[in-house]
>>> print(open('start26.tsv').read())   # TSV, C-alpha atoms and all ligand atoms
chain	number	residue	atom	x	y	z
A	279	MET	CA	-10.82	6.39	30.14
A	280	THR	CA	-14.17	7.68	31.34
A	281	GLY	CA	-13.74	7.05	35.06
A	282	SER	CA	-17.46	7.18	35.93
A	283	PRO	CA	-20.87	6.26	34.48
A	284	GLU	CA	-21.88	9.95	34.62
A	285	VAL	CA	-19.15	10.87	32.16
A	286	VAL	CA	-20.48	8.15	29.83
A	287	SER	CA	-24.10	9.31	30.12
A	288	ASP	CA	-23.20	12.92	29.46
A	289	PHE	CA	-21.15	11.89	26.44
A	290	LEU	CA	-23.96	9.73	25.02
A	291	ASP	CA	-26.47	12.56	25.52
A	292	ALA	CA	-24.22	15.01	23.68
A	293	VAL	CA	-23.81	12.61	20.75
A	294	GLU	CA	-27.57	12.11	20.65
A	295	GLY	CA	-28.07	15.86	20.42
A	296	ALA	CA	-25.68	16.00	17.46
A	297	ALA	CA	-27.12	12.97	15.63
A	298	ARG	CA	-30.84	13.54	16.08
A	299	ASN	CA	-31.32	16.04	13.29
A	300	ALA	CA	-29.65	13.83	10.67
A	301	ALA	CA	-31.62	10.82	11.92
A	302	GLU	CA	-34.95	12.60	11.48
A	303	LEU	CA	-34.11	13.76	7.98
A	304	GLU	CA	-32.93	10.26	7.02
A	305	TYR	CA	-36.06	8.67	8.43
A	306	ASP	CA	-38.19	10.99	6.28
A	307	ARG	CA	-36.24	9.92	3.19
A	308	LEU	CA	-36.62	6.25	4.09
A	309	LEU	CA	-40.35	6.79	4.52
A	310	SER	CA	-40.66	8.55	1.14
A	311	LYS	CA	-38.85	5.64	-0.50
A	312	GLN	CA	-41.13	3.19	1.31
A	313	GLN	CA	-44.16	5.13	0.01
A	314	GLU	CA	-42.90	4.81	-3.57
A	315	LEU	CA	-43.21	1.04	-3.08
A	316	ALA	CA	-46.28	1.03	-0.84
A	317	PRO	CA	-48.21	4.32	-1.13
A	318	ASP	CA	-50.22	3.69	2.06
A	319	ALA	CA	-47.15	3.28	4.28
A	320	THR	CA	-47.07	5.64	7.28
A	321	THR	CA	-44.02	4.19	9.03
A	322	VAL	CA	-40.77	2.45	8.15
A	323	SER	CA	-40.07	-0.92	9.66
A	324	ASP	CA	-36.66	-1.54	11.12
A	325	TRP	CA	-36.18	-4.61	8.95
A	326	SER	CA	-36.73	-2.59	5.72
A	327	ARG	CA	-34.08	-0.03	6.62
A	328	SER	CA	-31.06	-1.55	4.84
A	329	TYR	CA	-33.04	-2.41	1.72
A	330	LEU	CA	-34.54	1.08	1.44
A	331	ALA	CA	-31.13	2.65	2.10
A	332	GLU	CA	-29.62	0.65	-0.78
A	333	LEU	CA	-32.46	1.85	-3.07
A	334	ILE	CA	-31.78	5.46	-1.99
A	335	ARG	CA	-28.06	5.07	-2.69
A	336	LYS	CA	-29.01	3.90	-6.19
A	337	SER	CA	-31.66	6.53	-6.92
A	338	ASP	CA	-30.34	9.60	-5.11
A	339	TYR	CA	-26.58	9.05	-5.35
A	340	GLU	CA	-26.50	6.93	-8.53
A	341	LEU	CA	-24.32	4.50	-6.61
A	342	ASP	CA	-24.45	0.79	-7.35
A	343	SER	CA	-22.42	-1.28	-4.91
A	344	GLN	CA	-21.95	-3.98	-7.56
A	345	GLU	CA	-20.37	-1.41	-9.91
A	346	VAL	CA	-17.97	-0.42	-7.13
A	347	ARG	CA	-17.07	-4.03	-6.43
A	348	LYS	CA	-15.41	-4.63	-9.78
A	349	TYR	CA	-12.50	-2.37	-8.75
A	350	PHE	CA	-11.63	-4.32	-5.63
A	351	ALA	CA	-9.98	-7.67	-6.36
A	352	TYR	CA	-8.54	-9.22	-3.22
A	353	ASN	CA	-4.92	-9.51	-4.46
A	354	ASP	CA	-4.84	-5.82	-5.46
A	355	VAL	CA	-6.50	-4.75	-2.21
A	356	ARG	CA	-3.95	-6.67	-0.12
A	357	ASP	CA	-1.05	-5.15	-2.07
A	358	GLY	CA	-2.67	-1.70	-1.81
A	359	ILE	CA	-3.08	-1.94	1.95
A	360	PHE	CA	0.52	-3.11	2.35
A	361	ALA	CA	1.70	-0.19	0.18
A	362	LEU	CA	-0.41	2.31	2.14
A	363	VAL	CA	1.03	1.17	5.47
A	364	GLU	CA	4.56	1.13	4.01
A	365	ASP	CA	4.20	4.70	2.70
A	366	LEU	CA	2.51	6.12	5.76
A	367	PHE	CA	4.58	4.55	8.48
A	368	GLY	CA	7.96	4.15	6.80
A	369	VAL	CA	8.07	0.36	6.91
A	370	GLU	CA	8.73	-2.43	4.44
A	371	ILE	CA	6.67	-5.64	4.24
A	372	LYS	CA	8.44	-8.75	2.91
A	373	PRO	CA	7.59	-12.44	2.67
A	374	TRP	CA	8.45	-14.43	5.81
A	375	GLU	CA	10.36	-17.34	4.29
A	376	GLY	CA	9.89	-20.72	5.92
A	377	ALA	CA	7.13	-19.54	8.24
A	378	PRO	CA	5.15	-22.22	10.08
A	379	VAL	CA	1.74	-21.70	8.37
A	380	TRP	CA	-1.19	-23.82	9.54
A	381	GLN	CA	-3.00	-24.02	6.23
A	382	GLU	CA	-1.90	-23.66	2.61
A	383	SER	CA	-3.96	-20.51	1.98
A	384	VAL	CA	-2.30	-18.69	4.90
A	385	SER	CA	0.48	-16.27	3.94
A	386	ALA	CA	3.26	-15.05	6.23
A	387	HIS	CA	5.02	-11.69	6.23
A	388	GLU	CA	7.67	-9.67	8.00
A	389	MET	CA	7.62	-5.93	8.67
A	390	TYR	CA	10.90	-3.98	8.68
A	391	ARG	CA	11.72	-0.41	9.57
A	392	ASP	CA	15.10	1.05	8.60
A	393	GLY	CA	16.26	-2.47	7.84
A	394	LYS	CA	15.36	-3.71	11.33
A	395	LEU	CA	12.72	-6.40	11.87
A	396	VAL	CA	9.68	-4.89	13.67
A	397	GLY	CA	7.38	-7.91	13.71
A	398	ARG	CA	5.92	-10.82	11.82
A	399	PHE	CA	2.35	-11.61	10.83
A	400	PHE	CA	0.10	-14.15	9.19
A	401	LEU	CA	-2.86	-13.48	6.89
A	402	ASP	CA	-5.56	-16.16	7.08
A	403	MET	CA	-8.05	-14.30	4.93
A	404	HIS	CA	-10.43	-16.71	3.19
A	405	PRO	CA	-13.30	-18.89	4.39
A	406	ARG	CA	-13.07	-22.64	4.83
A	407	ASP	CA	-15.09	-25.21	6.70
A	408	GLY	CA	-14.95	-24.98	10.46
A	409	LYS	CA	-13.15	-21.62	10.50
A	410	TYR	CA	-13.95	-18.58	12.67
A	411	LYS	CA	-16.61	-16.62	10.76
A	412	HIS	CA	-15.80	-12.97	11.48
A	413	ALA	CA	-12.89	-10.62	10.84
A	414	ALA	CA	-10.40	-9.93	13.61
A	415	ALA	CA	-6.76	-9.36	14.48
A	416	PHE	CA	-5.19	-11.67	17.03
A	417	PRO	CA	-1.87	-11.38	18.83
A	418	ILE	CA	0.14	-14.60	18.78
A	419	ARG	CA	3.08	-13.25	20.78
A	420	PHE	CA	3.15	-9.72	22.03
A	421	GLY	CA	6.94	-9.66	22.08
A	422	PRO	CA	9.66	-9.02	22.58
A	423	THR	CA	10.10	-12.76	22.23
A	424	SER	CA	13.29	-14.81	22.10
A	425	ASP	CA	14.01	-13.48	18.62
A	426	GLY	CA	12.95	-10.03	19.69
A	427	VAL	CA	9.75	-9.34	17.78
A	428	PRO	CA	5.99	-9.68	18.21
A	429	VAL	CA	3.87	-11.95	16.01
A	430	ALA	CA	0.21	-11.36	15.09
A	431	SER	CA	-2.42	-12.67	12.71
A	432	LEU	CA	-5.47	-11.50	10.80
A	433	ILE	CA	-8.33	-13.97	10.55
A	434	CYS	CA	-10.90	-12.82	7.97
A	435	ASN	CA	-13.33	-14.28	5.44
A	436	PHE	CA	-12.89	-12.42	2.17
A	437	PRO	CA	-13.04	-13.74	-1.41
A	438	ALA	CA	-9.65	-14.90	-2.70
A	439	GLY	CA	-7.69	-14.14	-5.83
A	440	ASP	CA	-7.95	-11.77	-8.77
A	441	HIS	CA	-10.90	-10.23	-10.66
A	442	THR	CA	-12.37	-13.62	-11.61
A	443	THR	CA	-12.78	-14.92	-8.05
A	444	GLY	CA	-11.72	-12.23	-5.59
A	445	LEU	CA	-14.04	-9.23	-5.98
A	446	MET	CA	-14.70	-7.54	-2.62
A	447	GLU	CA	-17.37	-5.11	-1.47
A	448	HIS	CA	-16.02	-1.71	-0.49
A	449	GLY	CA	-17.17	-2.39	3.08
A	450	GLN	CA	-14.91	-5.45	3.12
A	451	VAL	CA	-11.97	-3.34	1.98
A	452	GLU	CA	-12.70	-1.01	4.89
A	453	THR	CA	-12.85	-3.98	7.28
A	454	PHE	CA	-9.53	-5.31	5.96
A	455	LEU	CA	-7.84	-1.98	6.62
A	456	HIS	CA	-9.54	-1.68	10.04
A	457	GLU	CA	-8.23	-5.08	11.14
A	458	PHE	CA	-4.82	-4.37	9.63
A	459	GLY	CA	-4.82	-1.25	11.82
A	460	HIS	CA	-5.08	-3.44	14.94
A	461	LEU	CA	-2.32	-5.66	13.59
A	462	ILE	CA	0.19	-2.85	13.06
A	463	HIS	CA	-0.74	-1.45	16.49
A	464	MET	CA	0.23	-4.86	17.93
A	465	LEU	CA	3.52	-4.88	16.02
A	466	PHE	CA	4.52	-1.27	16.71
A	467	SER	CA	3.66	-1.56	20.42
A	468	GLY	CA	5.33	-4.94	20.89
A	469	GLN	CA	8.75	-3.38	21.34
A	470	PRO	CA	9.02	-2.30	25.00
A	471	ASP	CA	11.15	-4.03	27.61
A	472	TYR	CA	8.04	-5.19	29.43
A	473	ALA	CA	5.65	-7.32	27.40
A	474	ASN	CA	2.67	-6.09	29.43
A	475	LEU	CA	3.06	-2.58	28.02
A	476	ASN	CA	1.82	-3.66	24.59
A	477	MET	CA	-1.44	-2.27	23.18
A	478	GLY	CA	-3.43	-5.24	24.51
A	479	ASN	CA	-3.42	-3.57	27.91
A	480	LEU	CA	-4.68	-0.19	26.77
A	481	GLU	CA	-8.05	1.03	28.00
A	482	TRP	CA	-10.84	-0.71	26.12
A	483	ASP	CA	-12.57	2.53	25.33
A	484	PHE	CA	-9.53	3.61	23.31
A	485	ILE	CA	-8.52	0.40	21.58
A	486	GLU	CA	-10.76	0.84	18.49
A	487	ALA	CA	-9.78	4.46	17.82
A	488	PRO	CA	-6.62	3.87	15.73
A	489	SER	CA	-8.39	1.37	13.46
A	490	GLN	CA	-11.50	3.52	13.16
A	491	MET	CA	-9.28	6.42	12.12
A	492	LEU	CA	-7.47	4.36	9.49
A	493	GLU	CA	-10.81	3.51	7.80
A	494	ASN	CA	-10.83	7.05	6.41
A	495	TRP	CA	-8.10	6.17	3.90
A	496	VAL	CA	-10.36	3.86	1.88
A	497	TRP	CA	-12.49	6.92	1.10
A	498	ASP	CA	-9.50	8.88	-0.20
A	499	TYR	CA	-9.20	9.01	-3.98
A	500	ASP	CA	-5.40	9.23	-4.07
A	501	THR	CA	-5.17	6.10	-1.94
A	502	LEU	CA	-7.76	4.15	-3.94
A	503	ALA	CA	-6.25	5.19	-7.29
A	504	LYS	CA	-3.08	3.29	-6.37
A	505	PHE	CA	-4.75	-0.10	-6.20
A	506	ALA	CA	-8.46	-0.01	-7.18
A	507	LYS	CA	-8.47	-1.25	-10.78
A	508	ASP	CA	-10.90	-3.26	-12.86
A	509	ALA	CA	-10.04	-6.46	-14.77
A	510	ASP	CA	-8.76	-4.41	-17.74
A	511	GLY	CA	-6.49	-2.32	-15.52
A	512	ASN	CA	-8.66	0.83	-15.56
A	513	VAL	CA	-8.25	2.86	-12.37
A	514	ILE	CA	-11.43	3.57	-10.39
A	515	PRO	CA	-12.94	6.79	-11.85
A	516	PRO	CA	-12.81	9.87	-9.59
A	517	GLU	CA	-16.55	10.46	-10.25
A	518	LEU	CA	-17.36	7.04	-8.80
A	519	VAL	CA	-15.34	7.76	-5.65
A	520	GLU	CA	-17.12	11.12	-5.37
A	521	LYS	CA	-20.46	9.31	-5.40
A	522	MET	CA	-19.23	6.82	-2.80
A	523	VAL	CA	-18.14	9.68	-0.55
A	524	ALA	CA	-21.41	11.56	-1.08
A	525	ALA	CA	-23.42	8.46	-0.10
A	526	ARG	CA	-21.10	7.53	2.77
A	527	ASP	CA	-22.89	9.55	5.41
A	528	PHE	CA	-26.40	8.57	4.40
A	529	GLY	CA	-27.72	6.59	7.35
A	530	ILE	CA	-25.20	7.98	9.83
A	531	GLY	CA	-27.90	9.66	11.97
A	532	VAL	CA	-30.16	6.62	12.25
A	533	GLY	CA	-27.13	4.36	12.64
A	534	THR	CA	-25.67	6.50	15.41
A	535	LEU	CA	-28.95	6.50	17.33
A	536	ARG	CA	-28.94	2.71	17.01
A	537	GLN	CA	-25.47	2.62	18.53
A	538	LEU	CA	-26.65	4.93	21.31
A	539	LEU	CA	-29.59	2.61	21.98
A	540	TYR	CA	-27.17	-0.29	22.46
A	541	ALA	CA	-24.84	1.82	24.58
A	542	ASN	CA	-27.60	3.12	26.86
A	543	VAL	CA	-29.21	-0.29	27.28
A	544	SER	CA	-25.86	-1.84	28.14
A	545	LEU	CA	-25.19	0.88	30.73
A	546	ASP	CA	-28.68	0.75	32.21
A	547	TYR	CA	-28.57	-3.02	32.73
A	548	TYR	CA	-25.53	-2.56	34.97
A	549	ASN	CA	-25.95	0.78	36.76
A	550	ARG	CA	-28.55	-0.47	39.27
A	551	PRO	CA	-29.03	-3.46	41.57
A	552	SER	CA	-29.88	-6.55	39.52
A	553	SER	CA	-33.22	-6.84	41.39
A	554	GLU	CA	-34.26	-3.57	39.71
A	555	VAL	CA	-33.37	-4.63	36.19
A	556	ASP	CA	-36.38	-5.30	33.96
A	557	PHE	CA	-34.83	-6.25	30.61
A	558	ASP	CA	-37.88	-5.42	28.49
A	559	GLU	CA	-38.72	-2.20	30.25
A	560	ILE	CA	-35.19	-0.79	29.98
A	561	TRP	CA	-34.93	-1.80	26.33
A	562	ASN	CA	-38.32	-0.38	25.40
A	563	GLU	CA	-37.72	2.88	27.25
A	564	ASN	CA	-34.44	3.46	25.40
A	565	GLN	CA	-35.92	2.25	22.13
A	566	SER	CA	-38.80	4.73	22.27
A	567	LYS	CA	-36.34	7.53	23.06
A	568	LEU	CA	-33.66	6.64	20.53
A	569	SER	CA	-35.19	4.74	17.64
A	570	PRO	CA	-37.47	6.25	15.02
A	571	PHE	CA	-38.68	2.73	14.21
A	572	VAL	CA	-41.79	1.18	15.72
A	573	THR	CA	-41.32	-1.09	18.73
A	574	LEU	CA	-42.93	-4.46	18.05
A	575	PRO	CA	-44.82	-6.24	20.82
A	576	ASP	CA	-43.51	-9.51	22.23
A	577	VAL	CA	-39.97	-9.27	20.90
A	578	HIS	CA	-36.93	-9.28	23.17
A	579	PRO	CA	-34.01	-7.86	21.16
A	580	TYR	CA	-31.62	-7.85	24.15
A	581	ALA	CA	-31.66	-11.67	23.98
A	582	SER	CA	-29.68	-11.52	20.73
A	583	PHE	CA	-27.49	-8.58	21.77
A	584	GLY	CA	-24.31	-10.63	22.02
A	585	HIS	CA	-22.09	-7.79	23.23
A	586	LEU	CA	-23.90	-7.77	26.59
A	587	ASP	CA	-21.77	-10.81	27.26
A	588	GLY	CA	-18.16	-9.67	27.34
A	589	TYR	CA	-18.72	-5.93	26.98
A	590	SER	CA	-21.28	-5.79	29.82
A	591	ALA	CA	-21.80	-2.07	30.60
A	592	ILE	CA	-19.23	-0.71	28.19
A	593	TYR	CA	-20.79	-0.93	24.76
A	594	TYR	CA	-20.39	2.88	24.75
A	595	THR	CA	-16.71	2.30	23.93
A	596	TYR	CA	-17.49	2.15	20.20
A	597	GLN	CA	-18.91	5.67	20.15
A	598	TRP	CA	-16.29	6.97	22.57
A	599	SER	CA	-13.38	5.68	20.51
A	600	LEU	CA	-15.06	6.86	17.30
A	601	ALA	CA	-15.16	10.35	18.78
A	602	ILE	CA	-11.43	10.09	19.61
A	603	SER	CA	-10.64	8.76	16.15
A	604	THR	CA	-12.45	11.72	14.55
A	605	ASP	CA	-10.36	14.09	16.65
A	606	LEU	CA	-7.13	12.23	15.77
A	607	PHE	CA	-8.04	12.30	12.07
A	608	SER	CA	-8.53	16.07	12.17
A	609	GLU	CA	-4.74	16.35	12.46
A	610	PHE	CA	-4.31	14.39	9.19
A	611	GLU	CA	-7.08	16.39	7.54
A	612	ALA	CA	-5.21	19.57	8.42
A	613	ASN	CA	-1.74	18.37	7.37
A	614	GLY	CA	-2.63	15.96	4.53
A	615	LEU	CA	-3.46	12.26	4.55
A	616	ARG	CA	0.01	11.48	3.14
A	617	ASP	CA	1.96	13.87	5.35
A	618	ALA	CA	4.99	11.84	6.42
A	619	THR	CA	5.76	13.95	9.49
A	620	THR	CA	2.22	13.64	10.87
A	621	ALA	CA	2.17	9.89	10.22
A	622	ALA	CA	5.56	9.39	11.88
A	623	ARG	CA	4.48	11.41	14.92
A	624	TYR	CA	1.29	9.36	15.10
A	625	ARG	CA	3.23	6.07	14.87
A	626	ASP	CA	5.74	7.14	17.53
A	627	LEU	CA	3.41	8.98	19.94
A	628	VAL	CA	0.16	6.99	19.73
A	629	LEU	CA	0.84	3.48	18.38
A	630	ALA	CA	4.35	2.54	19.52
A	631	PRO	CA	4.01	3.45	23.23
A	632	GLY	CA	1.31	0.76	23.62
A	633	ALA	CA	-0.05	0.85	27.16
A	634	SER	CA	2.96	2.57	28.69
A	635	LYS	CA	0.84	5.70	29.26
A	636	PRO	CA	-2.88	6.30	29.80
A	637	ALA	CA	-4.60	6.61	26.40
A	638	ALA	CA	-5.66	10.21	27.07
A	639	GLU	CA	-1.97	11.12	27.41
A	640	LEU	CA	-1.06	9.37	24.15
A	641	VAL	CA	-3.72	11.37	22.34
A	642	HIS	CA	-2.62	14.55	24.08
A	643	ASP	CA	0.99	13.94	23.01
A	644	PHE	CA	-0.13	13.73	19.37
A	645	LEU	CA	-2.71	16.53	19.31
A	646	GLY	CA	-0.82	18.85	21.65
A	647	ARG	CA	-4.04	19.30	23.66
A	648	ASP	CA	-6.68	17.21	25.43
A	649	TRP	CA	-8.94	15.33	23.04
A	650	SER	CA	-12.52	16.53	22.69
A	651	PRO	CA	-15.74	15.05	21.25
A	652	GLU	CA	-16.37	18.34	19.41
A	653	ALA	CA	-14.95	17.11	16.08
A	654	TYR	CA	-17.27	14.08	16.15
A	655	GLU	CA	-20.31	16.16	17.10
A	656	ALA	CA	-19.48	18.64	14.33
A	657	TYR	CA	-19.24	15.73	11.85
A	658	LEU	CA	-22.72	14.49	12.84
A	659	LEU	CA	-24.19	17.99	12.63
A	660	HIS	CA	-22.55	18.43	9.22
A	661	ALA	CA	-24.16	15.15	8.05
A	662	ALA	CA	-27.54	16.69	8.88
A	663	GLU	CA	-26.73	19.74	6.76
A	664	GLY	CA	-25.84	17.40	3.88
A	665	GLU	CA	-29.17	15.62	4.38
A	666	ALA	CA	-31.08	18.88	4.33
A	667	GLU	CA	-29.58	19.69	0.91
A	668	GLU	CA	-30.56	16.36	-0.63
B	701	ZN	ZN	-11.69	-3.20	15.66
>>> encode(input="start26.tsv", output="structure tokens")
Amino acid sequence: MTGSPEVVSDFLDAVEGAARNAAELEYDRLLSKQQELAPDATTVSDWSRSYLAELIRKSDYELDSQEVRKYFAYNDVRDGIFALVEDLFGVEIKPWEGAPVWQESVSAHEMYRDGKLVGRFFLDMHPRDGKYKHAAAFPIRFGPTSDGVPVASLICNFPAGDHTTGLMEHGQVETFLHEFGHLIHMLFSGQPDYANLNMGNLEWDFIEAPSQMLENWVWDYDTLAKFAKDADGNVIPPELVEKMVAARDFGIGVGTLRQLLYANVSLDYYNRPSSEVDFDEIWNENQSKLSPFVTLPDVHPYASFGHLDGYSAIYYTYQWSLAISTDLFSEFEANGLRDATTAARYRDLVLAPGASKPAAELVHDFLGRDWSPEAYEAYLLHAAEGEAEE
């Protein structure tokens, strides 16, 4: 979508400008927390960041991730995500009888719209020996196939079952919905006459946006209240969701700068002749500009930066598509997260056309204007205001 490295650099610089304030305020809070534990501390180490952030969520937001977990049993979460997608996009999900599953824990499903089969999918959601370790959506057939519909699969590693064995972290619920977003994109876009026009051929810097947008629904009380229940059937309390939402943005500034570090390093390793690439120098230069954490001597973080292989120069796509997803979501925020007309327009104008148009046109069709990073920048600036109040 970007067309040139300059467009990417300008975009990354603008995001940095919007995130910096929140990052500085967050760093100060991390340092204060560190000083409660070690009064002589003058800096925060990168490796203490997640631990200190969890302590801050407990002390400042009274949020205990273990308390949250008891409302998210896998079976309920799966049913809740099915129901959400059914309500939003006017589809029905049914068992796929007689499906050729490859393992007994794999379930198979069909998605219908107005009584017509849209696609089929498998859920392979729990860990076992020798299995892929991450969470992802995979196309099996993009369709239209001999029986006319695409087939896709989710491969994830979540706990299985009810409240005794299947409790999930809220982040896992978000991941489930994110991956399910890719899956429905595959099914909705698998309908054209030419198989190559499915979503798999969309620009890479757009492909994450629909799933990133969908993540917002797991922060919506009305959505959670439909399926988040504890073992006794008590619905998740609104006050708990309020705390989750309040704590959601803590860390967004520091986290965004981290993403910008990766994005700039990835770009800088590829925007010059290879003879001029000094891996350490480029990393350290970007690190000192973008990370509030101390750079340690004799470490080479790029060596474990797996996305350099595969993504090469385009790690920026995560931030770029996040900015698009924020703009897309603004339409739902304005009209209501359950607004059927908005959801139907989104399904028909953004998801279903697959790669039959450039992504910028799909977004334009839905928003009625060109997309802009302003909504994302405003969100980051707003996070800083929230920080300042804490
Ligand atoms: Zn994704």
>>> closest_residue(input="start26.tsv", among="A:Ser337, A:Thr320, A:Asn353, A:Thr534", to="A:Thr442", atoms="all atoms listed in the file")
A:Asn353
>>> closest_atom_pairs(input="start26.tsv", of="chain A", to="ligand ZN 701 (chain B)", cutoff="8 Å", atoms="all atoms listed in the file", output="tab-separated table")
residue	atom	partner	partner_atom	distance
A:Ala414	CA	B:ZN701	ZN	7.2
A:Ala415	CA	B:ZN701	ZN	8.0
A:His456	CA	B:ZN701	ZN	6.2
A:Glu457	CA	B:ZN701	ZN	6.0
A:His460	CA	B:ZN701	ZN	6.7
A:Ile485	CA	B:ZN701	ZN	7.6
A:Glu486	CA	B:ZN701	ZN	5.0
A:Ser489	CA	B:ZN701	ZN	6.1
A:Gln490	CA	B:ZN701	ZN	7.2
>>> write_last_selection(input="start26.tsv", atoms="C-alpha atoms", output="mmCIF file, in the frame of the given file")
data_model
loop_
_atom_site.group_PDB
_atom_site.id
_atom_site.type_symbol
_atom_site.label_atom_id
_atom_site.label_comp_id
_atom_site.auth_asym_id
_atom_site.auth_seq_id
_atom_site.Cartn_x
_atom_site.Cartn_y
_atom_site.Cartn_z
ATOM 1 C CA ALA A 414 -10.400 -9.930 13.610
ATOM 2 C CA ALA A 415 -6.760 -9.360 14.480
ATOM 3 C CA HIS A 456 -9.540 -1.680 10.040
ATOM 4 C CA GLU A 457 -8.230 -5.080 11.140
ATOM 5 C CA HIS A 460 -5.080 -3.440 14.940
ATOM 6 C CA ILE A 485 -8.520 0.400 21.580
ATOM 7 C CA GLU A 486 -10.760 0.840 18.490
ATOM 8 C CA SER A 489 -8.390 1.370 13.460
ATOM 9 C CA GLN A 490 -11.500 3.520 13.160
#
>>> residues_around(input="start26.tsv", residues="A:Ala413", least_positions_apart="4", cutoff="9 Å", atoms="all atoms listed in the file", output="PDB file with C-alpha atoms, in the coordinates of the input")
ATOM      1  CA  MET A 403      -8.050 -14.300   4.930  1.00  0.00           C
ATOM      2  CA  LEU A 432      -5.470 -11.500  10.800  1.00  0.00           C
ATOM      3  CA  ILE A 433      -8.330 -13.970  10.550  1.00  0.00           C
ATOM      4  CA  CYS A 434     -10.900 -12.820   7.970  1.00  0.00           C
ATOM      5  CA  ASN A 435     -13.330 -14.280   5.440  1.00  0.00           C
ATOM      6  CA  PHE A 436     -12.890 -12.420   2.170  1.00  0.00           C
ATOM      7  CA  THR A 453     -12.850  -3.980   7.280  1.00  0.00           C
ATOM      8  CA  PHE A 454      -9.530  -5.310   5.960  1.00  0.00           C
ATOM      9  CA  GLU A 457      -8.230  -5.080  11.140  1.00  0.00           C
TER      10      GLU A 457
END
>>> residues_near_point(input="start26.tsv", point="(-22.1, 17.0, 8.7)", cutoff="10 Å", atoms="all atoms listed in the file", output="list in words")
Ala296, Ala297, Ala300, Asp527, Ile530, Gly531, Tyr654, Glu655, Ala656, Tyr657, Leu658, Leu659, His660, Ala661, Ala662, Glu663, Gly664 and Glu665 of chain A
>>> residues_around(input="start26.tsv", residues="A:Trp325", least_positions_apart="4", cutoff="10 Å", atoms="only C-alpha atoms", output="VMD selection string")
chain A and resid 329 to 330 571
>>> atom_distance(input="start26.tsv", atom1="atom CA of A:Asp508", atom2="atom CA of A:Phe367")
27.5 Å
>>> atom_distance(input="start26.tsv", atom1="atom CA of A:Lys507", atom2="atom CA of A:Ala438")
15.9 Å
>>> residues_around(input="start26.tsv", residues="A:Arg398", least_positions_apart="2", cutoff="9 Å", atoms="all atoms listed in the file", output="PDB file with C-alpha atoms, in the frame of the given file")
ATOM      1  CA  TRP A 374       8.450 -14.430   5.810  1.00  0.00           C
ATOM      2  CA  ALA A 386       3.260 -15.050   6.230  1.00  0.00           C
ATOM      3  CA  HIS A 387       5.020 -11.690   6.230  1.00  0.00           C
ATOM      4  CA  GLU A 388       7.670  -9.670   8.000  1.00  0.00           C
ATOM      5  CA  MET A 389       7.620  -5.930   8.670  1.00  0.00           C
ATOM      6  CA  LEU A 395      12.720  -6.400  11.870  1.00  0.00           C
ATOM      7  CA  VAL A 396       9.680  -4.890  13.670  1.00  0.00           C
ATOM      8  CA  PHE A 400       0.100 -14.150   9.190  1.00  0.00           C
ATOM      9  CA  VAL A 427       9.750  -9.340  17.780  1.00  0.00           C
ATOM     10  CA  PRO A 428       5.990  -9.680  18.210  1.00  0.00           C
ATOM     11  CA  VAL A 429       3.870 -11.950  16.010  1.00  0.00           C
ATOM     12  CA  ALA A 430       0.210 -11.360  15.090  1.00  0.00           C
ATOM     13  CA  SER A 431      -2.420 -12.670  12.710  1.00  0.00           C
ATOM     14  CA  LEU A 465       3.520  -4.880  16.020  1.00  0.00           C
TER      15      LEU A 465
END
>>> residues_near_point(input="start26.tsv", point="(-2.6, 12.3, 18.3)", cutoff="7 Å", atoms="all atoms listed in the file", output="list in words")
Leu606, Tyr624, Val628, Leu640, Val641, His642, Asp643, Phe644 and Leu645 of chain A
>>> closest_residue(input="start26.tsv", among="A:Asp342, A:Glu652, A:Glu481, A:Asp605", to="A:Ile592", atoms="all atoms listed in the file")
A:Glu481
>>> closest_residue(input="start26.tsv", among="A:Trp495, A:Gly281, A:Leu362, A:Leu627", to="A:Glu639", atoms="only C-alpha atoms")
A:Leu627
>>> closest_residue(input="start26.tsv", among="A:Glu382, A:Asp354, A:Glu447, A:Asp338", to="A:Ala525", atoms="all atoms listed in the file")
A:Asp338
>>> build_atoms(input="start26.tsv", residues="stretch 577-581 of chain A", atoms="N, CA, C and O atoms", output="mmCIF file, in the frame of the given file")
data_model
loop_
_atom_site.group_PDB
_atom_site.id
_atom_site.type_symbol
_atom_site.label_atom_id
_atom_site.label_comp_id
_atom_site.auth_asym_id
_atom_site.auth_seq_id
_atom_site.Cartn_x
_atom_site.Cartn_y
_atom_site.Cartn_z
ATOM 1 N N VAL A 577 -41.331 -8.903 21.323
ATOM 2 C CA VAL A 577 -39.970 -9.270 20.900
ATOM 3 C C VAL A 577 -39.012 -8.834 22.015
ATOM 4 O O VAL A 577 -39.316 -7.923 22.782
ATOM 5 N N HIS A 578 -37.886 -9.507 22.081
ATOM 6 C CA HIS A 578 -36.930 -9.280 23.170
ATOM 7 C C HIS A 578 -35.531 -9.139 22.580
ATOM 8 O O HIS A 578 -34.703 -10.054 22.692
ATOM 9 N N PRO A 579 -35.262 -7.990 21.930
ATOM 10 C CA PRO A 579 -34.010 -7.860 21.160
ATOM 11 C C PRO A 579 -32.750 -8.027 22.019
ATOM 12 O O PRO A 579 -31.711 -8.442 21.496
ATOM 13 N N TYR A 580 -32.816 -7.720 23.299
ATOM 14 C CA TYR A 580 -31.620 -7.850 24.150
ATOM 15 C C TYR A 580 -31.126 -9.303 24.176
ATOM 16 O O TYR A 580 -29.944 -9.563 24.417
ATOM 17 N N ALA A 581 -32.053 -10.254 23.907
ATOM 18 C CA ALA A 581 -31.660 -11.670 23.980
ATOM 19 C C ALA A 581 -30.679 -12.039 22.866
ATOM 20 O O ALA A 581 -29.953 -13.027 22.976
#
